[in-house]
Amino acid sequence: MHSIKRKLYIETIGCQMNKSDSERIYGMMSHFGYDTVSENEADFLIVNTCSIRQLSEDKAYSKLGNWGQRKKRGEKLVIAIAGCVAQQEKEKLLKKFPYVDLVFGTQNIYELPALLNREGRICAISDKPYAEKEYKIIRNKNINAWLPIMEGCNNFCTYCVVPYTRGRERSRSLDVIIKEAKQIIKEGFREITLLGQNVDSYGKDLNDKPTFAYLLRELDKLDGEFRIRFTTSYPTDITEDVIKTVKEGKKICECFHIPMQSGNDRILKAMNRRYNVDEYKNIVRKIQNEIENVAVTSDFIAGFPSETEEEFKDTIKQIKELNLDYSNTASYSPRPNTPAGKMTDKFIPDDVKKRRLNELNECIKEASFNSNKKYVGKTLEVLVEKINFKDGKRMLEGRLRNNKVVHFQSDVDNIGDFVRVRLNEASIWCLFGQKAD
Ligand code: SAH
Ligand code: SF4
Ligand code: F3S
């Protein structure tokens with residue numbers, strides 16, 4: 001693999017954890033002399049893959065197909081597969097894609113420079129968590145920085161591949177996280193999003209067992225003008241202390257992403273989720289009652305194996321009752337290694353899944369519109385993230401502390417500014433307002 005000229009492009013598919021990994025790879029490779037370039041200019045191409053659904057897996061394969069064509073046409077390229085599909089499929093990928101030079105897993109990121117010095121086609125997948133190395137990080141965005149606090153999952157929901165691709169839960173040390181947060185603030189970022197498959201498990205595996213709430217408080221104390229967000233929360237792991245800390249924290253944003261997955265107790269059990277509908281509702285109600293202007297968002301799966309029409313309707317009913325602010329939806333996709341993936345005789349036909357997904361989406365649209373309407377008339381702080389020009393007007397786009405998107409006109413404010421905006425119109429996915437005096 002010696003022939004590369006050191007121009008790197010990473011195509012990143014999947015969640016923020018993958019995006020954060022790519023930023024770390026870019027940073028590390030810049031240390032070894034690689035420039036970050038566009039896809040067409042690159043001679044070293046990595047696809048950082050996601051395996052959460054077949055659709056995400058297929059995206060990677062189609063990207064690889066394009067790159068394979070380029071190689072066939074004579075371009076001297078080194079092609080690598082990283083991420084969750086690499087972790088799941090291992091050597092099989094080298095067989096399947098003869099033009100791929102390197103497959104490396106989610107736990108082998110820091111070996112990449114050494115792997116490139118080895119001869120031949122290589123597959124490097126380790127099940128043991130990696131030891132971090134300190135390189136600079138080349139971040140993708142200017143205002144929002146991702147900061148992983150823990151990785152992996154011990155929950156084994158029956159549909160989900162993550163415990164197999166990211167391994168068991170492990171936390172980064174408090175010191176490392178705080179040092180990285182300070183660096184992020186120093187570099188001028190205005191928002192830190194703490195990442196973990198289950199942020200509430202933070203610290204359980206560390207020596208002095210710092211809690212997630214404690215970590216939040218330590219970060220809230222840091223000097224500077226910035227926001228703190230976090231994702232994802234597991235419903236029954238959210239503690240009173242976390243709720244109180246979000247309520248009292250100055251920088252901690254009032255926003256919880258708490259996937260419910262289904263609104264039916266039998267399905268939740270079959271999914272191996274450790275809560276029932278009432279328990280989920282109690283947690284959400286408590287958060288909604290205790291924290292002003294809080295947003296609670298969720299994820300739902302349509303057509304989990306064996307889900308009946310009545311059971312699906314329960315989900316619709318719960319979404320309506322819960323006043324959720326926004327939810328992601330997906331139709332169930334069978335995943336390798338998972339228990340639900342083996343329930344082949346209980347699979348729901350594709351057309352039924354599709355219809356249920358559409359129904360879910362309609363319901364979520366309505367919930368999102370209802371939630372946005374509640375903000376009309378309020379004046380709240382917006383962090384400006386983008387400038388758009390519309391009909392000659394300079395429109396700013398940003399987000400409220402609870403993550404809702406706001407558009408407003410201003411000729412004086414800029415990206416990175418915190419601006420008080422009076423909200424005067426709601427649409428399904430965002431709010432419109434004007435700068436308050
Ligand atoms: N750790 C988070 C979710 C991580 S995966 C949690 O516990 O909720 C992100 C979302 O992808 C999940 O919330 C789920 O809704 C969806 N998902 C996971 N596996 C899936 C599958 N096999 N088919 C469809 N959607 C899936
Ligand atoms: Fe997947 Fe469940 Fe873990 Fe979330 S909690 S990552 S859905 S196994
Ligand atoms: Fe996908 Fe892996 Fe994230 S499967 S959702 S990239 S942890």
# chains A, B, ... in the order shown; residues from 1 in each chain; ligands from 1

$ closest_atom_pairs --of "region 294-386 of chain A" --to "region 157-160 of chain A" --cutoff "10 Å" --atoms "only C-alpha atoms" --output "CSV"
residue,atom,partner,partner_atom,distance
A:Ile301,CA,A:Tyr159,CA,9.7
A:Phe304,CA,A:Tyr159,CA,8.0
A:Pro305,CA,A:Tyr159,CA,9.2
A:Tyr332,CA,A:Tyr159,CA,8.0
A:Ser333,CA,A:Tyr159,CA,8.0
A:Pro334,CA,A:Tyr159,CA,7.0
A:Arg335,CA,A:Tyr159,CA,6.8
A:Pro336,CA,A:Cys160,CA,9.1
A:Asn337,CA,A:Cys160,CA,9.0
A:Thr338,CA,A:Thr158,CA,5.8
A:Pro339,CA,A:Thr158,CA,5.2
A:Ala340,CA,A:Tyr159,CA,5.1
A:Gly341,CA,A:Tyr159,CA,6.7
A:Lys342,CA,A:Tyr159,CA,9.7

$ write_last_selection --atoms "C-alpha atoms" --output "JSON list (two decimals), in the first residue's frame"
[["chain", "number", "residue", "atom", "x", "y", "z"],
["A", 301, "ILE", "CA", -39.63, 1.23, 14.75],
["A", 304, "PHE", "CA", -41.00, -5.25, 14.48],
["A", 305, "PRO", "CA", -41.41, -9.04, 13.89],
["A", 332, "TYR", "CA", -37.75, -2.75, 11.01],
["A", 333, "SER", "CA", -34.70, -4.13, 9.22],
["A", 334, "PRO", "CA", -33.41, -7.63, 10.11],
["A", 335, "ARG", "CA", -29.80, -7.47, 11.30],
["A", 336, "PRO", "CA", -27.17, -10.22, 11.40],
["A", 337, "ASN", "CA", -26.41, -11.75, 14.82],
["A", 338, "THR", "CA", -29.51, -10.28, 16.45],
["A", 339, "PRO", "CA", -32.30, -12.42, 18.03],
["A", 340, "ALA", "CA", -35.08, -10.55, 16.19],
["A", 341, "GLY", "CA", -33.27, -11.14, 12.90],
["A", 342, "LYS", "CA", -33.84, -14.86, 13.46]]

$ closest_atom_pairs --of "chain A" --to "ligand 1" --cutoff "8 Å" --atoms "only C-alpha atoms and all ligand atoms" --output "JSON lines"
{"residue": "A:Cys15", "atom": "CA", "partner": "ligand 1", "partner_atom_place_in_ligand_line": "9 (C)", "distance": 7.8}
{"residue": "A:Ile52", "atom": "CA", "partner": "ligand 1", "partner_atom_place_in_ligand_line": "19 (N)", "distance": 5.1}
{"residue": "A:Arg53", "atom": "CA", "partner": "ligand 1", "partner_atom_place_in_ligand_line": "21 (C)", "distance": 5.3}
{"residue": "A:Cys153", "atom": "CA", "partner": "ligand 1", "partner_atom_place_in_ligand_line": "1 (N)", "distance": 7.5}
{"residue": "A:Asn155", "atom": "CA", "partner": "ligand 1", "partner_atom_place_in_ligand_line": "7 (O)", "distance": 7.8}
{"residue": "A:Cys157", "atom": "CA", "partner": "ligand 1", "partner_atom_place_in_ligand_line": "7 (O)", "distance": 7.8}
{"residue": "A:Tyr159", "atom": "CA", "partner": "ligand 1", "partner_atom_place_in_ligand_line": "22 (N)", "distance": 4.6}
{"residue": "A:Cys160", "atom": "CA", "partner": "ligand 1", "partner_atom_place_in_ligand_line": "19 (N)", "distance": 4.1}
{"residue": "A:Val161", "atom": "CA", "partner": "ligand 1", "partner_atom_place_in_ligand_line": "19 (N)", "distance": 6.4}
{"residue": "A:Val162", "atom": "CA", "partner": "ligand 1", "partner_atom_place_in_ligand_line": "5 (S)", "distance": 7.1}
{"residue": "A:Gly196", "atom": "CA", "partner": "ligand 1", "partner_atom_place_in_ligand_line": "1 (N)", "distance": 7.6}
{"residue": "A:Gln197", "atom": "CA", "partner": "ligand 1", "partner_atom_place_in_ligand_line": "1 (N)", "distance": 4.2}
{"residue": "A:Asn198", "atom": "CA", "partner": "ligand 1", "partner_atom_place_in_ligand_line": "1 (N)", "distance": 5.5}
{"residue": "A:Thr232", "atom": "CA", "partner": "ligand 1", "partner_atom_place_in_ligand_line": "2 (C)", "distance": 5.7}
{"residue": "A:Ser233", "atom": "CA", "partner": "ligand 1", "partner_atom_place_in_ligand_line": "6 (C)", "distance": 7.0}
{"residue": "A:Tyr234", "atom": "CA", "partner": "ligand 1", "partner_atom_place_in_ligand_line": "7 (O)", "distance": 5.6}
{"residue": "A:Ile258", "atom": "CA", "partner": "ligand 1", "partner_atom_place_in_ligand_line": "8 (O)", "distance": 6.7}
{"residue": "A:Pro259", "atom": "CA", "partner": "ligand 1", "partner_atom_place_in_ligand_line": "8 (O)", "distance": 4.6}
{"residue": "A:Met260", "atom": "CA", "partner": "ligand 1", "partner_atom_place_in_ligand_line": "8 (O)", "distance": 7.2}
{"residue": "A:Gln261", "atom": "CA", "partner": "ligand 1", "partner_atom_place_in_ligand_line": "15 (O)", "distance": 5.5}
{"residue": "A:Ser298", "atom": "CA", "partner": "ligand 1", "partner_atom_place_in_ligand_line": "13 (O)", "distance": 7.6}
{"residue": "A:Asp299", "atom": "CA", "partner": "ligand 1", "partner_atom_place_in_ligand_line": "15 (O)", "distance": 4.6}
{"residue": "A:Phe300", "atom": "CA", "partner": "ligand 1", "partner_atom_place_in_ligand_line": "15 (O)", "distance": 5.0}
{"residue": "A:Ile301", "atom": "CA", "partner": "ligand 1", "partner_atom_place_in_ligand_line": "15 (O)", "distance": 5.3}
{"residue": "A:Ala302", "atom": "CA", "partner": "ligand 1", "partner_atom_place_in_ligand_line": "24 (C)", "distance": 7.6}
{"residue": "A:Phe304", "atom": "CA", "partner": "ligand 1", "partner_atom_place_in_ligand_line": "23 (N)", "distance": 7.8}
{"residue": "A:Asn328", "atom": "CA", "partner": "ligand 1", "partner_atom_place_in_ligand_line": "15 (O)", "distance": 7.2}
{"residue": "A:Thr329", "atom": "CA", "partner": "ligand 1", "partner_atom_place_in_ligand_line": "15 (O)", "distance": 6.5}
{"residue": "A:Ala330", "atom": "CA", "partner": "ligand 1", "partner_atom_place_in_ligand_line": "25 (N)", "distance": 5.0}
{"residue": "A:Ser331", "atom": "CA", "partner": "ligand 1", "partner_atom_place_in_ligand_line": "24 (C)", "distance": 5.2}
{"residue": "A:Tyr332", "atom": "CA", "partner": "ligand 1", "partner_atom_place_in_ligand_line": "23 (N)", "distance": 3.7}
{"residue": "A:Ser333", "atom": "CA", "partner": "ligand 1", "partner_atom_place_in_ligand_line": "23 (N)", "distance": 3.9}
{"residue": "A:Pro334", "atom": "CA", "partner": "ligand 1", "partner_atom_place_in_ligand_line": "22 (N)", "distance": 5.3}
{"residue": "A:Arg335", "atom": "CA", "partner": "ligand 1", "partner_atom_place_in_ligand_line": "22 (N)", "distance": 5.5}
{"residue": "A:Gly341", "atom": "CA", "partner": "ligand 1", "partner_atom_place_in_ligand_line": "22 (N)", "distance": 7.8}

$ residues_near_ligand --ligand "ligand 3" --cutoff "7 Å" --atoms "only C-alpha atoms and all ligand atoms" --output "VMD selection string"
chain A and resid 13 to 18 49 to 52 83 to 84 161 to 162 165 to 166

$ closest_residue --among "A:Asp237, A:Asp43, A:Glu119, A:Glu75" --to "ligand 2" --atoms "only C-alpha atoms and all ligand atoms"
A:Asp237

$ select_by_dssp --residues "region 321-377 of chain A" --states "strand (DSSP E)" --output "MDAnalysis selection string"
chainID A and resid 326:331

$ atom_distance --atom1 "atom 7 (S, counted along the ligand's line) of ligand 2" --atom2 "CA of Lys179 (chain A)"
29.3 Å

$ residues_around --residues "Met395 (chain A)" --least-positions-apart "6" --cutoff "7 Å" --atoms "only C-alpha atoms" --output "list of chain:residue names"
A:Ile387, A:Asn388, A:Phe389, A:His407, A:Phe408, A:Gln409, A:Ser410

$ write_last_selection --atoms "all heavy atoms" --output "CSV table (one decimal), in the first residue's frame"
chain,number,residue,atom,x,y,z
A,387,ILE,N,-26.1,31.1,7.5
A,387,ILE,CA,-26.7,32.3,6.9
A,387,ILE,C,-27.2,31.8,5.6
A,387,ILE,O,-26.6,31.2,4.8
A,387,ILE,CB,-25.6,33.4,6.7
A,387,ILE,CG1,-24.9,33.8,8.0
A,387,ILE,CG2,-26.2,34.6,6.0
A,387,ILE,CD1,-23.8,34.7,7.9
A,388,ASN,N,-28.5,32.1,5.3
A,388,ASN,CA,-29.2,31.8,4.0
A,388,ASN,C,-29.6,33.1,3.4
A,388,ASN,O,-30.0,34.1,4.1
A,388,ASN,CB,-30.4,30.9,4.2
A,388,ASN,CG,-30.1,29.6,5.0
A,388,ASN,OD1,-29.1,29.0,4.7
A,388,ASN,ND2,-30.9,29.3,6.0
A,389,PHE,N,-29.6,33.2,2.1
A,389,PHE,CA,-30.2,34.4,1.5
A,389,PHE,C,-31.4,34.0,0.8
A,389,PHE,O,-31.5,33.1,0.0
A,389,PHE,CB,-29.2,35.0,0.5
A,389,PHE,CG,-28.0,35.7,1.2
A,389,PHE,CD1,-26.9,35.0,1.5
A,389,PHE,CD2,-28.2,37.0,1.6
A,389,PHE,CE1,-25.9,35.7,2.2
A,389,PHE,CE2,-27.2,37.7,2.3
A,389,PHE,CZ,-26.0,37.0,2.6
A,407,HIS,N,-35.7,30.3,12.0
A,407,HIS,CA,-35.2,31.2,10.9
A,407,HIS,C,-35.6,32.7,11.3
A,407,HIS,O,-36.8,32.9,11.7
A,407,HIS,CB,-35.8,30.9,9.6
A,407,HIS,CG,-35.5,29.5,9.1
A,407,HIS,ND1,-34.4,29.3,8.3
A,407,HIS,CD2,-36.0,28.3,9.4
A,407,HIS,CE1,-34.3,28.0,8.1
A,407,HIS,NE2,-35.3,27.3,8.7
A,408,PHE,N,-34.7,33.6,11.2
A,408,PHE,CA,-35.1,35.0,11.4
A,408,PHE,C,-34.1,35.9,10.6
A,408,PHE,O,-33.1,35.5,10.1
A,408,PHE,CB,-35.0,35.4,12.9
A,408,PHE,CG,-33.6,35.4,13.5
A,408,PHE,CD1,-33.0,36.6,13.7
A,408,PHE,CD2,-33.0,34.2,13.8
A,408,PHE,CE1,-31.7,36.6,14.2
A,408,PHE,CE2,-31.7,34.3,14.4
A,408,PHE,CZ,-31.1,35.5,14.6
A,409,GLN,N,-34.6,37.1,10.3
A,409,GLN,CA,-33.9,38.0,9.5
A,409,GLN,C,-33.0,38.9,10.4
A,409,GLN,O,-33.4,39.4,11.4
A,409,GLN,CB,-34.8,38.9,8.7
A,409,GLN,CG,-34.1,39.5,7.5
A,409,GLN,CD,-34.7,40.8,7.1
A,409,GLN,OE1,-35.9,41.1,7.2
A,409,GLN,NE2,-33.8,41.7,6.5
A,410,SER,N,-31.7,39.1,9.9
A,410,SER,CA,-30.9,40.0,10.6
A,410,SER,C,-29.7,40.4,9.7
A,410,SER,O,-29.2,39.6,9.0
A,410,SER,CB,-30.3,39.4,11.9
A,410,SER,OG,-29.3,40.2,12.4

$ closest_residue --among "A:Ile243, A:Val405, A:Leu357, A:Met271" --to "ligand 2" --atoms "only C-alpha atoms and all ligand atoms"
A:Met271

$ atom_distance --atom1 "CA of Ile316 (chain A)" --atom2 "atom 8 (S, counted along the ligand's line) of ligand 2"
22.8 Å

$ select_by_dssp --residues "region 81-236 of chain A" --states "helix (DSSP H, G or I)" --output "VMD selection string"
chain A and resid 84 to 89 92 to 96 109 to 115 162 to 166 174 to 186 199 to 201 212 to 220 235 to 236

$ write_last_selection --atoms "C-alpha atoms" --output "tab-separated table (two decimals), in the first residue's frame"
chain	number	residue	atom	x	y	z
A	84	CYS	CA	-19.74	-0.94	11.95
A	85	VAL	CA	-20.13	-3.02	8.77
A	86	ALA	CA	-16.39	-3.76	8.88
A	87	GLN	CA	-16.76	-4.89	12.48
A	88	GLN	CA	-19.72	-7.08	11.52
A	89	GLU	CA	-18.57	-8.64	8.23
A	92	LYS	CA	-15.82	-11.44	4.14
A	93	LEU	CA	-15.59	-7.88	2.80
A	94	LEU	CA	-12.18	-8.53	1.22
A	95	LYS	CA	-13.67	-11.47	-0.67
A	96	LYS	CA	-16.78	-9.56	-1.67
A	109	ILE	CA	-8.82	3.26	14.21
A	110	TYR	CA	-5.54	4.17	15.85
A	111	GLU	CA	-3.70	1.34	14.06
A	112	LEU	CA	-4.42	2.84	10.66
A	113	PRO	CA	-1.01	4.52	10.07
A	114	ALA	CA	0.77	1.25	10.90
A	115	LEU	CA	-1.61	-0.81	8.74
A	162	VAL	CA	-24.78	-1.92	17.98
A	163	PRO	CA	-23.65	-4.17	20.87
A	164	TYR	CA	-22.02	-6.40	18.24
A	165	THR	CA	-20.33	-3.59	16.33
A	166	ARG	CA	-19.31	-1.27	19.17
A	174	LEU	CA	-13.44	12.48	33.28
A	175	ASP	CA	-10.05	14.14	32.82
A	176	VAL	CA	-9.83	13.28	29.12
A	177	ILE	CA	-13.36	14.55	28.47
A	178	ILE	CA	-12.82	17.81	30.34
A	179	LYS	CA	-9.50	18.41	28.61
A	180	GLU	CA	-11.14	17.83	25.24
A	181	ALA	CA	-14.06	20.11	26.17
A	182	LYS	CA	-11.66	22.90	27.14
A	183	GLN	CA	-9.87	22.53	23.81
A	184	ILE	CA	-13.20	22.67	21.94
A	185	ILE	CA	-14.14	25.90	23.74
A	186	LYS	CA	-10.70	27.37	23.13
A	199	VAL	CA	-25.11	8.42	28.15
A	200	ASP	CA	-26.73	7.53	31.47
A	201	SER	CA	-24.34	4.59	31.79
A	212	PHE	CA	-23.41	11.32	34.13
A	213	ALA	CA	-25.00	14.11	36.19
A	214	TYR	CA	-21.64	14.81	37.82
A	215	LEU	CA	-19.95	15.00	34.41
A	216	LEU	CA	-22.63	17.44	33.23
A	217	ARG	CA	-22.07	19.66	36.28
A	218	GLU	CA	-18.30	19.66	35.79
A	219	LEU	CA	-18.70	20.70	32.15
A	220	ASP	CA	-21.29	23.33	33.06
A	235	PRO	CA	-35.65	5.82	29.37
A	236	THR	CA	-35.33	4.08	32.71

$ atom_distance --atom1 "CA of His257 (chain A)" --atom2 "CA of Val242 (chain A)"
13.3 Å

$ residues_around --residues "Ser427 (chain A)" --least-positions-apart "6" --cutoff "10 Å" --atoms "only C-alpha atoms" --output "tab-separated table (two decimals) with N, CA, C and O atoms, in the first residue's frame"
chain	number	residue	atom	x	y	z
A	365	LYS	N	-45.37	14.14	12.21
A	365	LYS	CA	-45.48	15.47	11.61
A	365	LYS	C	-46.46	16.31	12.43
A	365	LYS	O	-46.20	17.46	12.76
A	368	SER	N	-45.06	17.23	15.76
A	368	SER	CA	-44.01	18.24	15.65
A	368	SER	C	-44.64	19.62	15.43
A	368	SER	O	-44.22	20.61	16.05
A	369	PHE	N	-45.67	19.69	14.59
A	369	PHE	CA	-46.36	20.96	14.33
A	369	PHE	C	-47.01	21.47	15.62
A	369	PHE	O	-46.86	22.64	16.00
A	370	ASN	N	-47.70	20.56	16.32
A	370	ASN	CA	-48.35	20.95	17.59
A	370	ASN	C	-47.33	21.48	18.57
A	370	ASN	O	-47.56	22.46	19.27
A	371	SER	N	-46.20	20.81	18.62
A	371	SER	CA	-45.16	21.23	19.57
A	371	SER	C	-44.61	22.60	19.17
A	371	SER	O	-44.46	23.48	20.02
A	372	ASN	N	-44.34	22.81	17.89
A	372	ASN	CA	-43.80	24.10	17.45
A	372	ASN	C	-44.78	25.24	17.72
A	372	ASN	O	-44.37	26.34	18.11
A	373	LYS	N	-46.07	24.96	17.53
A	373	LYS	CA	-47.08	26.01	17.73
A	373	LYS	C	-47.06	26.57	19.16
A	373	LYS	O	-47.34	27.73	19.38

$ closest_residue --among "A:Lys209, A:Arg139, A:Lys378, A:Arg121" --to "Ser22 (chain A)" --atoms "only C-alpha atoms"
A:Arg139

$ residues_around --residues "region 125-135 of chain A" --least-positions-apart "5" --cutoff "8 Å" --atoms "only C-alpha atoms" --output "ChimeraX atom specification"
/A:24,27-28,31,86-87,90,103-110,167

$ write_last_selection --atoms "C-alpha atoms" --output "PDB file, in the first residue's frame"
ATOM      1  CA  ARG A  24     -10.464  11.656  14.658  1.00  0.00           C
ATOM      2  CA  GLY A  27      -6.878  14.525  12.517  1.00  0.00           C
ATOM      3  CA  MET A  28      -4.615  11.541  13.081  1.00  0.00           C
ATOM      4  CA  HIS A  31      -0.297  14.164  11.612  1.00  0.00           C
ATOM      5  CA  ALA A  86     -16.388  -3.762   8.878  1.00  0.00           C
ATOM      6  CA  GLN A  87     -16.763  -4.890  12.482  1.00  0.00           C
ATOM      7  CA  LYS A  90     -14.784  -8.735   8.765  1.00  0.00           C
ATOM      8  CA  VAL A 103     -10.824  -3.415   6.232  1.00  0.00           C
ATOM      9  CA  PHE A 104     -10.478  -2.016   9.744  1.00  0.00           C
ATOM     10  CA  GLY A 105     -12.922  -2.128  12.638  1.00  0.00           C
ATOM     11  CA  THR A 106     -14.327   0.386  15.090  1.00  0.00           C
ATOM     12  CA  GLN A 107     -11.639  -0.644  17.606  1.00  0.00           C
ATOM     13  CA  ASN A 108      -8.709  -0.388  15.172  1.00  0.00           C
ATOM     14  CA  ILE A 109      -8.818   3.261  14.212  1.00  0.00           C
ATOM     15  CA  TYR A 110      -5.540   4.173  15.854  1.00  0.00           C
ATOM     16  CA  GLY A 167     -18.769  -3.800  21.943  1.00  0.00           C
TER      17      GLY A 167
END

$ residues_around --residues "Arg70 (chain A)" --least-positions-apart "3" --cutoff "12 Å" --atoms "only C-alpha atoms" --output "list in words"
Glu39, Asn40, Glu41, Ala42, Asp43, Leu45, Lys63, Leu64, Gly65, Asn66, Trp67, Arg73, Gly74, Glu75, Lys76, Leu77, Val78, Ile79 and Tyr99 of chain A

$ write_last_selection --atoms "N, CA, C and O atoms" --output "tab-separated table (two decimals), in the first residue's frame"
chain	number	residue	atom	x	y	z
A	39	GLU	N	-13.73	14.05	-2.53
A	39	GLU	CA	-13.78	12.65	-2.97
A	39	GLU	C	-13.01	12.43	-4.28
A	39	GLU	O	-12.24	11.48	-4.40
A	40	ASN	N	-13.21	13.34	-5.25
A	40	ASN	CA	-12.60	13.13	-6.57
A	40	ASN	C	-11.09	13.33	-6.60
A	40	ASN	O	-10.39	12.77	-7.43
A	41	GLU	N	-10.60	14.15	-5.67
A	41	GLU	CA	-9.15	14.41	-5.63
A	41	GLU	C	-8.38	13.34	-4.86
A	41	GLU	O	-7.17	13.26	-4.95
A	42	ALA	N	-9.10	12.56	-4.06
A	42	ALA	CA	-8.42	11.68	-3.10
A	42	ALA	C	-7.80	10.45	-3.77
A	42	ALA	O	-8.33	9.95	-4.76
A	43	ASP	N	-6.67	10.00	-3.22
A	43	ASP	CA	-6.16	8.69	-3.65
A	43	ASP	C	-6.22	7.68	-2.52
A	43	ASP	O	-5.89	6.52	-2.68
A	45	LEU	N	-9.20	6.47	-0.07
A	45	LEU	CA	-10.64	6.61	0.18
A	45	LEU	C	-11.08	5.64	1.27
A	45	LEU	O	-10.78	4.45	1.21
A	63	LYS	N	-21.30	3.11	-2.68
A	63	LYS	CA	-20.12	3.99	-2.71
A	63	LYS	C	-18.89	3.18	-3.16
A	63	LYS	O	-18.12	3.60	-4.02
A	64	LEU	N	-18.75	1.99	-2.58
A	64	LEU	CA	-17.60	1.15	-2.93
A	64	LEU	C	-17.62	0.78	-4.41
A	64	LEU	O	-16.58	0.73	-5.07
A	65	GLY	N	-18.83	0.53	-4.94
A	65	GLY	CA	-18.99	0.21	-6.35
A	65	GLY	C	-18.39	1.32	-7.22
A	65	GLY	O	-17.62	1.06	-8.16
A	66	ASN	N	-18.71	2.58	-6.87
A	66	ASN	CA	-18.17	3.73	-7.64
A	66	ASN	C	-16.66	3.78	-7.57
A	66	ASN	O	-15.99	3.99	-8.58
A	67	TRP	N	-16.15	3.59	-6.40
A	67	TRP	CA	-14.69	3.67	-6.24
A	67	TRP	C	-13.99	2.53	-6.98
A	67	TRP	O	-12.93	2.71	-7.56
A	73	ARG	N	-10.66	1.83	-13.98
A	73	ARG	CA	-10.30	2.73	-15.08
A	73	ARG	C	-8.84	3.17	-14.99
A	73	ARG	O	-8.38	3.98	-15.78
A	74	GLY	N	-8.14	2.70	-13.96
A	74	GLY	CA	-6.70	2.94	-13.91
A	74	GLY	C	-6.23	3.92	-12.85
A	74	GLY	O	-5.04	4.18	-12.72
A	75	GLU	N	-7.19	4.49	-12.08
A	75	GLU	CA	-6.73	5.41	-11.02
A	75	GLU	C	-6.01	4.61	-9.93
A	75	GLU	O	-6.46	3.53	-9.55
A	76	LYS	N	-4.93	5.16	-9.44
A	76	LYS	CA	-4.20	4.48	-8.36
A	76	LYS	C	-4.82	4.88	-7.03
A	76	LYS	O	-4.56	5.97	-6.51
A	77	LEU	N	-5.65	4.00	-6.53
A	77	LEU	CA	-6.37	4.33	-5.30
A	77	LEU	C	-6.12	3.28	-4.24
A	77	LEU	O	-5.92	2.11	-4.55
A	78	VAL	N	-6.14	3.72	-2.99
A	78	VAL	CA	-6.21	2.77	-1.88
A	78	VAL	C	-7.61	2.92	-1.30
A	78	VAL	O	-8.05	4.03	-0.99
A	79	ILE	N	-8.33	1.80	-1.21
A	79	ILE	CA	-9.72	1.85	-0.74
A	79	ILE	C	-9.85	1.06	0.56
A	79	ILE	O	-9.39	-0.09	0.65
A	99	TYR	N	-11.42	-5.13	-5.02
A	99	TYR	CA	-10.63	-3.91	-5.18
A	99	TYR	C	-10.42	-3.18	-3.85
A	99	TYR	O	-9.81	-2.12	-3.81
